[in-house]
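Asks: Dumping the structure here so I can ask a few things about it.
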Amino acid sequence: MSNRRTFLQRAFSAGAALCAGPRLSAQAMQMQMPAETGSPAAPGKQPLTSPPFPTPVVTTEVGDLSYTMDGGAKVFHLVSEVLRQKIHPGKTIDAWGFNGSAPGPTIQVNQGDHVRVIFDNHLPEPSSIHWHGFEDLVGYDGMPGISQEPVTPGGRFIYEFDIHQAGTYFYHSHMAMQEMAGMLGGFIMHPSTPYHPHCDKDFLLHLQEYAVLPNNTVPNTMNMEYNWLLLNGKAGPASTPLIVRLGDRVRLRFVNLGMDHHPMHLHGYTFHVTGTEGGRIQESAWWPGNTVLVGVAQARDVELTANRPGDWMLHCHLPHHMMNQMSSNVGSMTRRPGQPAGVDMNTGMGMLQGTPGAPSGDDYGTSLGRGMGFGSTADMETTNGPLSREKAMQAMPGMPDAGDIAKNANAVPGFPQDAYMEGPAMAMDRMVDKPENYGLRPGWSGFMMGMMTFVRVLPPDKYDEVIARMKQAQRPNDPYGALLQRVS
Ligand SMILES: [Cu+2]
């Protein structure tokens with residue numbers, strides 16, 4: 001699996017690391033490797049996107065990183081960059097990621113592969129890539145200033161691995177603030193001996209959180225108050241459901257590279273935890289649950305047999321992680337007469353220059369995200385004023401009649417604290433329309449926020465209909481692409 005050149009290169013770097021210390025090793029590798037490997041794009045070679053895995057892992061939203069073959073090596077070209085990403089209708093942020101997305105695309109390889117990752121740094125500052133959990137040479141550990149020189153802006157570093165492990169792994173910048181800006185991605189090592197029992201569907205979900213102040217687009221990497229909770233870079237209801245055929249055996253792989261732990265809960269099923277960031281757990285040690293706590297820097301694989309049809313919620317169970325655009329200012333907001341909202345921060349939120357009065361004082365109303373250009377603002381013809389049932393029904397034809405608030409709602413202290421207390425008012429089915437959402441109950445999107453999505457266990461006829469629509473969409477770089485090629 002390794003050719004002679006690779007062997008010499010790896011032997012050299014290992015020897016240098018052991019004998020001469022990491023600094024010499026890093027310098028030597030930086031001088032040596034680019035010259036050896038040549039063009040990263042391997043011109044003339046067709047990128048491969050559908051590797052021969054028994055069950056390709058689907059990473060919704062971000063998909064896979066394609067590769068080329070160079071001799072016996074699978075060559076991936078990973079580019080770190082600043083990018084704009086729409087995480088929710090009306091909310092686009094300036095994230096840092098890889099090859100166009102945050103998280104970056106998933107790398108899928110087989111146990112036994114020789115893998116080369118050409119890393120180009122297009123960030124405005126130095127970086128490097130850490131390969132989390134890899135048992136390999138320290139020279140490829142990606143620790144800037146420790147195992148290698150930091151890769152300068154415009155610079156390149158080439159990582160080489162002989163894959164002897166199997167399981168759910170990941171890569172990330174080892175500079176903390178870069179990581180919190182989105183610089184992470186999945187690395188799936190498929191086992192040379194397939195796992196038993198066979199899984200028909202296999203999904204990877206990155207659990208992410210950003211702190212983005214209202215009227216801002218840049219995640220504050222120092223802030224501990226996260227107001228956007230994401231699955232693969234999308235907040236509910238913009239997240240894409242996981243499409244499953246009734247009877248499928250399903251694996252869900254969770255990866256958490258944030259600041260909080262996430263108890264991931266699946267409705268309607270008991271699953272078994274079958275793997276961690278350390279690989280497969282032997283079957284006798286699997287444990288059952290319907291919630292699995294995914295700690296920071298951990299991966300958890302769970303498996304279930306999808307034998308109960310329905311659109312089943314899959315979500316982090318921390319209440320604040322089931323919300324969007326949380327704010328630390330809470331209080332009455334929309335239903336009192338005379339409160340301005342949907343305006344600038346001074347007027348709408350009573351912030352910064354309250355005249356007269358103080359922030360959140362009686363003179364000014366807090367908006368708590370409504371009227372700030374996301375979600376219902378664009379979906380509804382009226383947002384911050386009292387939203388009557390009639391208005392909501394006009395704006396969202398077909399929405400279930402969930403009823404308006406009680407007649408005495410305004411007598412309830414502090415009601416409503418957040419728009420979530422007015423579920424149907426936040427529905428945005430049309431704004432997040434996609435084939436995977438076909439047939440969901442109208443108005444569903446008003447009840448899905450933050451780190452939430454569905455496992456849609458569909459009977460054959462409905463499954464075929466949704467799959468047909470997904471194929472018909474012919475989306476470029478469809479994350480479901482490798483799977484769609486396999487289903488008739
Ligand atoms: Cu959570």
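Each chain of the structure tokens is named A, B, ... in the order shown, its residues numbered from 1; ligands are numbered from 1 in display order.
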Produce as a PyMOL selection string the set of residues near ligand 1, where near means within 12 Å with only C-alpha atoms and all ligand atoms considered.

Replies: chain A and resi 206-210+226-231+254-265+291-296+314-323+449-452

Asks: Excluding same-chain residues fewer than 5 positions from Val115 of chain A, what lies within 6 Å of it counting only C-alpha atoms, as a ChimeraX atom specification?

Replies: /A:73-74,160-161

Asks: Print the selection's residues with C-alpha atoms to a file, as a compact mmCIF listing (two decimals), in the first residue's frame.

Replies:
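Listed below is the output, again_24.txt:
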```txt
# COMPACT_ATOMS: atom_id res chain seq x y z
CA ALA A 73 -2.28 6.66 -2.59
CA LYS A 74 -5.68 8.28 -2.27
CA GLU A 160 0.48 10.99 4.80
CA PHE A 161 -1.31 8.17 6.59
```

Asks: Within segment 85-276 of chain A, find each residue whose DSSP state, derived from the backbone, is strand (DSSP E or B), and express the selection as a ChimeraX atom specification.

Replies: /A:85-88,91-98,101,104-110,114-121,127,129-132,144,148,151,156-162,167-173,184-190,201-210,228-231,234,236,242-245,249-256,262-266,271-276

Asks: Pick out the residues sitting within 12 Å of Lys471 of chain A, and hand them over as a ChimeraX atom specification; count only C-alpha atoms, and ignore anything fewer than 2 positions along from it in its own chain.

Replies: /A:434-436,464-469,473-476,478-488

Asks: Suppose you want the space between atom CA of Ser127 of chain A and atom CA of Glu179 of chain A; what is it in Å?

Replies: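 Separating atom CA of Ser127 of chain A from atom CA of Glu179 of chain A is a distance of 10.4 Å.
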
Asks: Report as a PDB file with N, CA and C atoms, in the first residue's frame all protein, DNA and RNA residues lying within 7 Å of Val218 of chain A, evaluated on only C-alpha atoms, omitting residues in the same chain fewer than 4 positions from it.

Replies:
```pdb
ATOM      1  N   ILE A  93     -23.638  33.672   7.858  1.00  0.00           N
ATOM      2  CA  ILE A  93     -22.523  34.048   8.731  1.00  0.00           C
ATOM      3  C   ILE A  93     -21.202  33.962   7.972  1.00  0.00           C
ATOM      4  N   ASP A  94     -20.211  34.631   8.511  1.00  0.00           N
ATOM      5  CA  ASP A  94     -18.846  34.543   7.998  1.00  0.00           C
ATOM      6  C   ASP A  94     -18.111  33.507   8.829  1.00  0.00           C
ATOM      7  N   ALA A  95     -18.003  32.301   8.283  1.00  0.00           N
ATOM      8  CA  ALA A  95     -17.351  31.217   9.022  1.00  0.00           C
ATOM      9  C   ALA A  95     -15.986  30.942   8.413  1.00  0.00           C
ATOM     10  N   VAL A 212     -23.287  34.341  17.649  1.00  0.00           N
ATOM     11  CA  VAL A 212     -23.332  35.433  16.677  1.00  0.00           C
ATOM     12  C   VAL A 212     -24.306  36.474  17.214  1.00  0.00           C
TER      13      VAL A 212
END
```

Asks: For a test of reading the model, state the distance in Å between atom CA of Met431 of chain A and atom CA of Pro89 of chain A, rounded to one decimal.

Replies: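 One can read the atom CA of Met431 of chain A to atom CA of Pro89 of chain A distance as 6.6 Å.
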
Asks: Which is closer to Leu252 of chain A than all the others in A:Gly268, A:Val57, A:Pro144, A:Asn223, using only C-alpha atoms?

Replies: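 For Leu252 of chain A, the nearest of the given residues is A:Val57.
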
Asks: Please, what distance in Å, to one decimal, runs between atom CA of Ala235 of chain A and atom CA of Lys91 of chain A?

Replies: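 We find that atom CA of Ala235 of chain A and atom CA of Lys91 of chain A lie 9.8 Å from each other.
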